[in-house]
Every structure is written in structure tokens, then in C-alpha cells.
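Next comes upload-v2.cif, with mmCIF, C-alpha atoms and all ligand atoms.
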```
data_model
loop_
_atom_site.label_atom_id
_atom_site.label_comp_id
_atom_site.auth_asym_id
_atom_site.auth_seq_id
_atom_site.Cartn_x
_atom_site.Cartn_y
_atom_site.Cartn_z
CA MET A 127 20.13 20.53 2.86
CA ARG A 128 16.59 21.18 1.60
CA THR A 129 13.73 18.82 2.50
CA ALA A 130 10.63 17.62 0.67
CA LEU A 131 7.43 16.34 2.22
CA VAL A 132 5.79 13.78 -0.07
CA THR A 133 2.28 12.60 0.76
CA GLY A 134 1.14 9.31 -0.75
CA ALA A 135 4.76 8.14 -0.99
CA SER A 136 3.97 4.45 -0.44
CA SER A 137 3.12 3.78 -4.11
CA GLY A 138 2.68 5.16 -7.62
CA ILE A 139 3.57 8.74 -8.49
CA GLY A 140 4.54 9.75 -4.92
CA ARG A 141 6.94 6.82 -4.56
CA ALA A 142 8.56 7.57 -7.93
CA MET A 143 8.85 11.26 -7.09
CA SER A 144 10.59 10.51 -3.77
CA PHE A 145 13.52 8.97 -5.71
CA LEU A 146 13.86 12.13 -7.82
CA PHE A 147 14.30 14.30 -4.72
CA ALA A 148 16.80 11.84 -3.24
CA LYS A 149 18.77 11.79 -6.52
CA ASP A 150 19.11 15.58 -6.26
CA GLY A 151 20.32 15.34 -2.65
CA ILE A 152 17.06 16.67 -1.14
CA GLY A 153 16.06 15.14 2.21
CA LEU A 154 12.66 13.50 2.53
CA VAL A 155 9.70 13.18 4.83
CA ILE A 156 7.55 10.42 3.37
CA THR A 157 4.00 9.77 4.47
CA ALA A 158 1.10 7.39 3.73
CA ARG A 159 -0.88 4.81 5.73
CA ASN A 160 1.12 1.75 4.69
CA GLU A 161 4.13 1.89 7.03
CA ASN A 162 5.76 -1.26 5.63
CA ALA A 163 5.75 0.19 2.12
CA LEU A 164 7.29 3.41 3.48
CA MET A 165 10.00 1.38 5.26
CA ASP A 166 10.79 -0.47 2.01
CA LEU A 167 11.06 2.87 0.21
CA GLN A 168 13.30 4.27 2.97
CA LYS A 169 15.58 1.22 2.68
CA GLU A 170 15.83 1.53 -1.11
CA ILE A 171 16.61 5.24 -0.95
CA ASN A 172 19.14 4.69 1.85
CA SER A 173 20.97 2.10 -0.21
CA GLN A 174 21.05 4.24 -3.38
CA TYR A 175 21.54 7.65 -1.75
CA PRO A 176 23.05 7.06 1.71
CA ALA A 177 23.61 10.79 2.38
CA VAL A 178 19.90 11.61 2.04
CA PRO A 179 17.89 11.53 5.30
CA VAL A 180 14.47 9.89 4.97
CA THR A 181 11.92 10.35 7.77
CA ILE A 182 8.80 8.18 7.86
CA ILE A 183 5.52 9.45 9.26
CA SER A 184 2.70 7.02 8.67
CA CYS A 185 -0.77 8.51 9.04
CA ASP A 186 -4.25 8.57 7.57
CA LEU A 187 -4.62 11.96 5.91
CA SER A 188 -8.36 11.50 5.40
CA GLU A 189 -8.91 11.96 9.15
CA THR A 190 -10.13 15.30 10.45
CA GLY A 191 -7.20 17.40 11.69
CA ALA A 192 -4.61 15.07 10.12
CA ALA A 193 -2.74 17.93 8.40
CA GLN A 194 -2.22 19.77 11.70
CA VAL A 195 -1.03 16.56 13.41
CA LEU A 196 1.43 15.91 10.56
CA TYR A 197 2.66 19.53 10.64
CA ASN A 198 3.17 19.41 14.43
CA ASN A 199 5.04 16.11 14.12
CA ILE A 200 7.41 17.57 11.49
CA GLN A 201 7.92 20.76 13.56
CA SER A 202 8.71 18.73 16.68
CA LYS A 203 11.48 16.94 14.75
CA GLY A 204 12.95 20.33 13.79
CA ILE A 205 12.54 19.63 10.06
CA VAL A 206 11.97 22.56 7.70
CA ILE A 207 9.92 21.77 4.59
CA ASP A 208 11.03 23.46 1.36
CA TYR A 209 9.11 21.26 -1.10
CA LEU A 210 5.53 20.23 -0.36
CA ILE A 211 4.19 17.46 -2.59
CA ASN A 212 0.47 17.07 -2.05
CA ASN A 213 0.12 13.82 -3.94
CA ALA A 214 -2.03 11.50 -1.74
CA GLY A 215 -5.47 11.07 -3.23
CA PHE A 216 -7.98 8.52 -4.40
CA GLY A 217 -11.10 8.22 -6.53
CA ASP A 218 -14.23 6.12 -6.59
CA THR A 219 -16.43 5.01 -9.49
CA GLY A 220 -20.21 4.69 -9.57
CA TRP A 221 -23.40 6.71 -10.04
CA PHE A 222 -23.39 9.37 -7.34
CA VAL A 223 -26.66 8.24 -5.72
CA GLN A 224 -25.23 4.75 -5.30
CA THR A 225 -21.94 5.84 -3.74
CA GLN A 226 -21.31 5.83 0.01
CA TRP A 227 -21.13 9.11 1.89
CA SER A 228 -18.36 7.81 4.16
CA LYS A 229 -16.12 7.22 1.14
CA ASN A 230 -17.03 10.53 -0.49
CA GLU A 231 -16.35 12.32 2.77
CA GLN A 232 -12.92 10.70 3.08
CA MET A 233 -12.17 11.61 -0.54
CA ILE A 234 -13.11 15.26 -0.03
CA GLN A 235 -11.16 15.31 3.22
CA LEU A 236 -8.01 13.84 1.61
CA ASN A 237 -8.13 15.35 -1.89
CA ILE A 238 -9.32 18.82 -0.80
CA THR A 239 -9.26 19.58 2.94
CA THR A 240 -5.90 18.03 3.88
CA LEU A 241 -4.25 19.40 0.72
CA THR A 242 -5.52 22.90 1.49
CA ALA A 243 -4.59 22.68 5.17
CA LEU A 244 -1.05 21.52 4.36
CA CYS A 245 -0.63 24.54 2.06
CA GLN A 246 -2.03 26.80 4.77
CA LEU A 247 0.39 25.36 7.34
CA PHE A 248 3.60 25.15 5.31
CA VAL A 249 3.41 28.05 2.83
CA PRO A 250 3.70 30.93 5.37
CA GLY A 251 7.10 29.59 6.53
CA MET A 252 8.22 29.17 2.93
CA LYS A 253 7.20 32.75 2.21
CA GLN A 254 9.11 34.00 5.25
CA ARG A 255 12.23 32.12 4.10
CA GLN A 256 11.61 33.34 0.52
CA PHE A 257 11.89 29.82 -0.85
CA GLY A 258 9.30 27.14 -1.40
CA ARG A 259 7.91 24.88 -4.09
CA VAL A 260 4.49 23.23 -3.82
CA LEU A 261 3.21 20.53 -6.16
CA ASN A 262 -0.49 19.75 -5.88
CA VAL A 263 -1.45 16.65 -7.83
CA ALA A 264 -4.69 17.37 -9.68
CA SER A 265 -5.67 15.41 -12.79
CA THR A 266 -6.98 15.83 -16.32
CA ALA A 267 -10.28 15.11 -14.50
CA ALA A 268 -10.01 18.71 -13.26
CA PHE A 269 -11.02 20.16 -16.62
CA GLN A 270 -14.60 18.87 -16.88
CA PRO A 271 -17.41 17.36 -14.81
CA GLY A 272 -17.16 13.55 -14.60
CA PRO A 273 -20.34 11.47 -14.58
CA THR A 274 -19.68 8.16 -12.71
CA MET A 275 -16.84 9.88 -10.80
CA ALA A 276 -18.69 13.07 -9.92
CA VAL A 277 -17.02 13.72 -6.57
CA TYR A 278 -13.49 12.78 -7.69
CA PHE A 279 -13.59 15.02 -10.80
CA ALA A 280 -14.95 17.89 -8.69
CA THR A 281 -12.20 17.47 -6.06
CA LYS A 282 -9.57 17.71 -8.79
CA SER A 283 -11.20 20.85 -10.27
CA TYR A 284 -10.83 22.33 -6.80
CA VAL A 285 -7.15 21.36 -6.67
CA LEU A 286 -6.47 22.93 -10.06
CA HIS A 287 -8.27 26.22 -9.38
CA PHE A 288 -7.00 26.55 -5.80
CA SER A 289 -3.40 25.93 -6.95
CA GLU A 290 -3.56 28.44 -9.81
CA ALA A 291 -5.07 31.07 -7.53
CA ILE A 292 -2.51 30.80 -4.75
CA ASN A 293 0.35 30.55 -7.24
CA SER A 294 -0.80 33.90 -8.60
CA GLU A 295 -1.08 35.37 -5.07
CA LEU A 296 2.46 34.20 -4.28
CA LYS A 297 4.16 35.75 -7.37
CA GLY A 298 7.42 37.44 -6.40
CA THR A 299 7.68 35.79 -2.97
CA GLY A 300 10.05 32.95 -3.91
CA VAL A 301 7.24 30.43 -3.45
CA SER A 302 5.48 28.76 -6.37
CA VAL A 303 2.57 26.34 -6.63
CA THR A 304 2.31 23.88 -9.50
CA ALA A 305 -0.80 21.84 -10.36
CA LEU A 306 0.23 18.53 -11.92
CA CYS A 307 -2.49 17.06 -14.14
CA PRO A 308 -1.78 13.46 -15.12
CA GLY A 309 -4.11 11.50 -17.36
CA PRO A 310 -4.64 7.77 -16.77
CA THR A 311 -1.37 6.44 -15.34
CA GLU A 312 -0.20 2.92 -14.52
CA THR A 313 -0.49 2.90 -10.71
CA ASN A 314 -2.77 1.39 -8.08
CA PHE A 315 -5.22 4.28 -8.63
CA ALA A 316 -7.61 2.48 -11.04
CA ASN A 317 -7.77 -0.57 -8.79
CA ALA A 318 -8.44 1.53 -5.68
CA ALA A 319 -11.13 3.50 -7.55
CA GLY A 320 -12.93 0.32 -8.61
CA PHE A 321 -12.42 0.63 -12.37
CA LYS A 322 -13.40 -2.48 -14.33
CA ASP A 323 -11.13 -3.68 -17.13
CA GLY A 324 -12.21 -2.54 -20.60
CA GLY A 325 -13.24 1.01 -19.75
CA LEU A 326 -11.05 4.08 -19.33
CA PHE A 327 -8.28 1.90 -17.87
CA ASP A 328 -8.50 -0.87 -20.50
CA SER A 329 -5.60 -3.25 -19.75
CA LYS A 330 -4.99 -3.59 -23.52
CA LYS A 331 -4.02 0.10 -23.64
CA LYS A 332 -0.55 1.33 -22.73
CA PHE A 333 -0.47 4.07 -20.10
CA PRO A 334 2.43 6.20 -18.90
CA THR A 335 4.26 4.80 -15.89
CA ALA A 336 4.38 6.48 -12.47
CA GLU A 337 8.07 7.17 -13.12
CA GLU A 338 7.32 9.04 -16.37
CA VAL A 339 4.59 11.16 -14.76
CA ALA A 340 6.70 11.83 -11.66
CA ALA A 341 9.66 12.98 -13.82
CA PHE A 342 7.35 15.30 -15.77
CA GLY A 343 5.84 16.71 -12.56
CA TYR A 344 9.24 17.12 -10.93
CA ARG A 345 10.52 19.15 -13.90
CA ALA A 346 7.39 21.33 -13.84
CA LEU A 347 7.82 21.89 -10.09
CA MET A 348 11.46 22.90 -10.45
CA GLN A 349 10.61 25.19 -13.38
CA GLN A 350 7.83 26.74 -11.27
CA GLN A 351 5.17 26.08 -13.91
CA SER A 352 1.63 26.91 -12.84
CA VAL A 353 -0.17 24.01 -14.57
CA ALA A 354 1.48 20.91 -16.03
CA ILE A 355 -0.68 18.53 -18.09
CA HIS A 356 1.09 15.28 -18.87
CA GLY A 357 0.97 14.11 -22.51
CA ILE A 358 0.03 15.91 -25.71
CA MET A 359 -3.33 14.12 -26.16
CA ASN A 360 -4.25 14.89 -22.56
CA TYR A 361 -3.26 18.52 -23.16
CA ILE A 362 -5.51 18.75 -26.23
CA MET A 363 -8.45 16.99 -24.53
CA ALA A 364 -8.16 19.09 -21.38
CA ASN A 365 -8.24 22.33 -23.34
CA SER A 366 -10.78 21.33 -26.02
CA GLY A 367 -13.64 21.78 -23.55
CA ARG A 368 -13.18 25.54 -23.79
CA PHE A 369 -14.33 25.61 -27.39
CA ILE A 370 -17.51 23.54 -27.23
CA PRO A 371 -20.75 24.00 -25.23
CA ARG A 372 -20.61 22.81 -21.61
CA ASN A 373 -23.46 20.29 -22.05
CA TRP A 374 -21.51 18.65 -24.90
CA VAL A 375 -18.46 18.38 -22.67
CA VAL A 376 -20.44 16.55 -19.97
CA ALA A 377 -22.13 14.30 -22.53
CA ILE A 378 -18.83 13.35 -24.18
CA THR A 379 -17.22 12.68 -20.80
CA LYS A 380 -20.18 10.53 -19.75
CA TRP A 381 -19.84 8.53 -22.97
CA MET A 382 -16.11 8.06 -22.39
CA MET A 383 -16.63 7.02 -18.76
CA THR A 384 -19.39 4.48 -19.50
CA LYS A 385 -18.47 2.98 -22.90
N1 LIG A 401 -3.07 7.00 -11.69
C1 LIG A 401 -3.86 7.80 -12.37
O1 LIG A 401 -4.44 7.41 -13.40
C2 LIG A 401 -4.04 9.23 -11.92
C3 LIG A 401 -4.50 10.16 -12.86
C4 LIG A 401 -4.67 11.48 -12.46
C5 LIG A 401 -4.36 11.87 -11.16
N2 LIG A 401 -3.92 10.94 -10.27
C6 LIG A 401 -3.62 11.39 -8.89
O2 LIG A 401 -2.30 11.05 -8.58
C7 LIG A 401 -2.15 10.98 -7.16
C8 LIG A 401 -1.33 9.76 -6.81
O3 LIG A 401 -2.04 8.60 -7.14
P1 LIG A 401 -1.37 7.34 -7.85
O4 LIG A 401 -1.84 7.30 -9.24
O5 LIG A 401 0.08 7.31 -7.59
O6 LIG A 401 -2.16 6.16 -7.10
P2 LIG A 401 -1.74 5.15 -5.94
O7 LIG A 401 -0.63 4.28 -6.41
O8 LIG A 401 -3.00 4.53 -5.49
O9 LIG A 401 -1.16 6.10 -4.79
C9 LIG A 401 -1.99 6.82 -3.92
C10 LIG A 401 -1.19 7.22 -2.70
O10 LIG A 401 -2.05 7.96 -1.82
C11 LIG A 401 -1.95 7.39 -0.53
N3 LIG A 401 -3.21 7.51 0.20
C12 LIG A 401 -4.44 7.07 -0.17
N4 LIG A 401 -5.32 7.28 0.80
C13 LIG A 401 -4.64 7.86 1.83
C14 LIG A 401 -5.02 8.29 3.12
N5 LIG A 401 -6.29 8.16 3.58
N6 LIG A 401 -4.07 8.84 3.93
C15 LIG A 401 -2.80 8.97 3.48
N7 LIG A 401 -2.38 8.57 2.26
C16 LIG A 401 -3.30 8.01 1.45
C17 LIG A 401 -1.63 5.91 -0.76
O11 LIG A 401 -0.95 5.36 0.36
P3 LIG A 401 -1.59 4.38 1.46
O12 LIG A 401 -2.61 3.52 0.77
O13 LIG A 401 -0.41 3.64 1.98
O14 LIG A 401 -2.18 5.30 2.48
C18 LIG A 401 -0.67 6.01 -1.95
O15 LIG A 401 0.63 6.23 -1.50
C19 LIG A 401 -3.57 11.01 -6.59
O16 LIG A 401 -3.86 12.28 -6.07
C20 LIG A 401 -4.45 10.72 -7.81
O17 LIG A 401 -5.73 11.29 -7.68
C21 LIG A 401 -3.74 9.63 -10.62
#
```

Whole structure, C-alpha cells version:
Amino acid sequence: MRTALVTGASSGIGRAMSFLFAKDGIGLVITARNENALMDLQKEINSQYPAVPVTIISCDLSETGAAQVLYNNIQSKGIVIDYLINNAGFGDTGWFVQTQWSKNEQMIQLNITTLTALCQLFVPGMKQRQFGRVLNVASTAAFQPGPTMAVYFATKSYVLHFSEAINSELKGTGVSVTALCPGPTETNFANAAGFKDGGLFDSKKKFPTAEEVAAFGYRALMQQQSVAIHGIMNYIMANSGRFIPRNWVVAITKWMMTK
């Protein structure tokens, strides 16, 4: 039986994606800080898919060295990871000079450092076994600078470019890396990032659900796509920046983020 490691499995896209692996008979290691939420997820999966083993490892992946601790824990249980889903991440809103370094540091640590370290730790084994699928959750934020979310947008640009580069390096090895780029999605993300109602996450608008985005990302992962942008409008917006001057792109994004 193959096994998937899903980070950020306690809610949103990661939670929804965990069910998709279980449905396909793939074992799970689920991780996040909220242990109770992970236990609820384990119970639900156990009742729907009793043959699928679900291992819980609750940890804070924004701590220095967290990826190595998680890797060692999984190794000590004798579990081999075939699917690595680097989904845990968060954002923060506000003018950069008014944001807190401690929060920015945690964001960079979680969205960039831990994600990179987990790839560094798990991909060599996948390559040796000639099978592995990695899904790094980026965002449509990856395609342009983001005034009022400067650090978050930049972390997601990193995720996109890093993923595309290593996917290219790994061609022909049996291991692929997919960058999933969702647009605004109905999860706890906006709340955690401090978005106010009426802006980008206007509650009057209808956004895709975590289940829809997870299903799209899961398909892209299995098809070994390099970059998967969810939604046609998101696809057009993400790519339109290539055809207009960079300063226009930043100005338009600033307008969208502050209107
Ligand atoms: N929703 C959107 O609009 C949107 C759009 C584009 C990209 N994304 C990306 O999608 C991914 C999933 O987010 P989501 O939308 O599903 O939001 P979410 O519901 O807030 O889920 C975030 C997940 O990350 C985990 N997490 C946060 N901080 C963590 C930490 N320090 N250590 C370990 N786990 C941590 C959370 O679990 P705990 O709190 O239990 O630790 C939770 O399971 C993120 O990378 C996000 O940047 C979201």
C-alpha cells in the first residue's frame, strides 16, 4: 500500500485532499497543530475507509528544524512516503512596515523553509524507489507581487518557481512535482490572514470549496502536471501579467487588494 503525507490536514484543502487519498486506498500520515481536528479526521476516514491506515503526527511546522523532526518520526514508524503534500501555509494582511517580524518569520519558515526541507528529505528516497509524487500548494498569488500581503505573495512565488525547477530536474526519475495554484477558496485561510469582509474575500461572492480545489489538485498530482491553476478566470489573470508592464501589474494588484 502506498502512503501520503499531508501537511495542514486539520482543515480546508488538506483535509479535503486526505479523503481523496483514502478513497483510492492510499494510507495517510496527517499532520497539523490541532490534534483534536486530526483525530476527528482520522475517525471519519476510519469509518468510511476502514482498510486505510491513518497516522496522526501533530506538530508546529513553523518551528526551526520541524521538517527533520517530522521526517525522523515517520522513519521511526517504518512508514515510506510516496506522496508528499506540502499544503500547510498561512498568510497575513497589512502594510509591510506595520506587520510583525515574528509572524513574517513563521510564515517564511512554514511556507518556504519547511516545504523545501520536506522535499529535500523525502524526494531522494522517492527517486531511489523510482516512484514519488509531490504537490506543493502555491497560489495565484505566486504570479505577481502583492501589496498588503507582500511576504505571503513572495513566499508563494518561491513555491511556484522552486517546484517547477525541481520538477524539471527530476524528469525521467519517476518522481514529479506539481505546484497547485488556487485562487480565493472557501476555507479558514482568509480568517487566519485577517481579511476584512468586502475586499478580496467579499462574503457576497461565491468561492470554490476546499473539496473542489482539492479534487482539482489531486487530479493534477496524479497526472504529474507541473503547474495547476484552479479556475479559468484565475488562469487568465495569472498569465495576463506576462503581457503588460511590471509596474502596471503591481498597481493593478494593489488596487484589487485595497479596494
Ligand atoms: N484558501 C485560499 O483562498 C487559498 C488560496 C491560495 C492558496 N492557499 C493555500 O492553500 C493552503 C491550505 O490552506 P487552506 O486554504 O486550506 O487554509 P486553512 O483552512 O487555514 O488550512 C491551513 C492548514 O495549515 C495548517 N497550519 C497552519 N499553520 C501551521 C503550522 N505552524 N504548523 C503546522 N500546520 C499549520 C493548519 O492547521 P493547524 O492550524 O491545525 O496547525 C491547517 O490545517 C495554504 O498553503 C494556503 O496558502 C489558500

Discussion item. As a ChimeraX atom specification, please: every protein or nucleic acid residue near ligand LIG 401 (chain A) (cut-off 6 Å, counting only C-alpha atoms and all ligand atoms).
Written reply: /A:134-140,158-160,185-188,213-216,263-265,308-315

Worksheet entry | Residue nearest Phe145 (chain A) among A:Val301, A:Ala336, A:Leu286, A:Ala192 (counting all atoms listed in the file) | A:Ala336

Worksheet item: Near Ala276 (chain A), counting all atoms listed in the file, which residues have an atom at most 10 Å away, once you skip same-chain residues fewer than 5 positions from it, shown as a list of chain:residue names?
Response: A:Gly217, A:Asp218, A:Thr219, A:Gly220, A:Trp221, A:Phe222, A:Asn230, A:Ala267, A:Gln270, A:Pro271, A:Thr281

Discussion item. Rounded to one decimal, what separation in Å do you get between CA of Gly325 (chain A) and CA of Lys385 (chain A)?
Written reply: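 Going from CA of Gly325 (chain A) over to CA of Lys385 (chain A) covers 6.4 Å.
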
Worksheet item: Contacts of region 244-253 of chain A at 8 Å or less, counting only C-alpha atoms, minus same-chain residues fewer than 2 places along, as a ChimeraX atom specification?
Response: /A:193-194,197,207-208,210,212,240-242,255-258,260,299-301

Worksheet item: Could you work out how far CA of Val155 (chain A) lies from CA of Leu131 (chain A), giving the answer in Å with one decimal?
Response: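 Those two atoms sit 4.7 Å apart.
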
Discussion item. Can you measure CA of Arg259 (chain A) to CA of Val353 (chain A) for me? One decimal in Å is fine.
Written reply: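 Going from CA of Arg259 (chain A) over to CA of Val353 (chain A), I get 13.3 Å.
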
Worksheet entry | Residue among A:Pro273, A:Leu296, A:Asn237, A:Thr225 lying closest to Gly320 (chain A), counting all atoms listed in the file | A:Thr225

Item to complete: Mind listing whatever residues come within 12 Å of the point (-15.3, -2.5, -17.2)? Use all atoms listed in the file, file coordinates, and give them as a VMD selection string.
Response: chain A and resid 219 to 220 316 to 317 320 to 329 382 to 385

Discussion item. What's around region 166-179 of chain A at 9 Å? Count all atoms listed in the file, leave out sequence neighbours fewer than 6 positions away in its own chain, and write the answer as a ChimeraX atom specification.
Written reply: /A:127,129,135-136,141,144-145,148-149,151-156

Taking N, CA and C atoms as the atom set, what does region 166-194 of chain A look like once completed, written as a compact mmCIF listing (two decimals), in the coordinates of the input?
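After the write, part.txt holds the following:
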```txt
# COMPACT_ATOMS: atom_id res chain seq x y z
N ASP A 166 10.10 0.09 3.20
CA ASP A 166 10.79 -0.47 2.01
C ASP A 166 11.38 0.67 1.17
N LEU A 167 10.59 1.72 1.00
CA LEU A 167 11.06 2.87 0.21
C LEU A 167 12.27 3.52 0.89
N GLN A 168 12.18 3.68 2.21
CA GLN A 168 13.30 4.27 2.97
C GLN A 168 14.58 3.45 2.76
N LYS A 169 14.43 2.12 2.85
CA LYS A 169 15.58 1.22 2.68
C LYS A 169 16.19 1.38 1.29
N GLU A 170 15.34 1.40 0.28
CA GLU A 170 15.83 1.53 -1.11
C GLU A 170 16.55 2.85 -1.31
N ILE A 171 15.97 3.92 -0.79
CA ILE A 171 16.61 5.24 -0.95
C ILE A 171 17.93 5.27 -0.17
N ASN A 172 17.91 4.72 1.05
CA ASN A 172 19.14 4.69 1.85
C ASN A 172 20.27 3.95 1.14
N SER A 173 19.91 2.86 0.44
CA SER A 173 20.97 2.10 -0.21
C SER A 173 21.49 2.81 -1.47
N GLN A 174 20.60 3.53 -2.16
CA GLN A 174 21.05 4.24 -3.38
C GLN A 174 21.65 5.61 -3.08
N TYR A 175 21.10 6.27 -2.07
CA TYR A 175 21.54 7.65 -1.75
C TYR A 175 21.76 7.76 -0.24
N PRO A 176 22.86 7.16 0.27
CA PRO A 176 23.05 7.06 1.71
C PRO A 176 23.12 8.42 2.43
N ALA A 177 23.46 9.48 1.71
CA ALA A 177 23.61 10.79 2.38
C ALA A 177 22.26 11.50 2.57
N VAL A 178 21.20 10.92 2.00
CA VAL A 178 19.90 11.61 2.04
C VAL A 178 19.06 11.09 3.21
N PRO A 179 18.74 11.98 4.18
CA PRO A 179 17.89 11.53 5.30
C PRO A 179 16.44 11.31 4.87
N VAL A 180 15.87 10.20 5.30
CA VAL A 180 14.47 9.89 4.97
C VAL A 180 13.71 9.64 6.27
N THR A 181 12.74 10.49 6.56
CA THR A 181 11.92 10.35 7.77
C THR A 181 10.56 9.80 7.38
N ILE A 182 10.11 8.78 8.13
CA ILE A 182 8.80 8.18 7.86
C ILE A 182 7.78 8.70 8.86
N ILE A 183 6.65 9.15 8.36
CA ILE A 183 5.52 9.45 9.26
C ILE A 183 4.30 8.77 8.64
N SER A 184 3.86 7.69 9.26
CA SER A 184 2.70 7.02 8.67
C SER A 184 1.43 7.56 9.33
N CYS A 185 0.50 7.98 8.50
CA CYS A 185 -0.77 8.51 9.04
C CYS A 185 -1.86 8.48 7.98
N ASP A 186 -3.09 8.54 8.46
CA ASP A 186 -4.25 8.57 7.57
C ASP A 186 -4.65 10.02 7.36
N LEU A 187 -4.37 10.54 6.17
CA LEU A 187 -4.62 11.96 5.91
C LEU A 187 -6.08 12.25 5.55
N SER A 188 -6.93 11.22 5.62
CA SER A 188 -8.36 11.50 5.40
C SER A 188 -9.07 11.74 6.74
N GLU A 189 -8.29 11.69 7.84
CA GLU A 189 -8.91 11.96 9.15
C GLU A 189 -8.97 13.46 9.42
N THR A 190 -10.01 13.89 10.10
CA THR A 190 -10.13 15.30 10.45
C THR A 190 -8.94 15.75 11.28
N GLY A 191 -8.33 16.86 10.91
CA GLY A 191 -7.20 17.40 11.69
C GLY A 191 -5.87 16.74 11.38
N ALA A 192 -5.85 15.82 10.40
CA ALA A 192 -4.61 15.07 10.12
C ALA A 192 -3.47 15.99 9.66
N ALA A 193 -3.79 17.03 8.91
CA ALA A 193 -2.74 17.93 8.40
C ALA A 193 -2.03 18.62 9.56
N GLN A 194 -2.81 19.07 10.55
CA GLN A 194 -2.22 19.77 11.70
C GLN A 194 -1.34 18.80 12.50
```
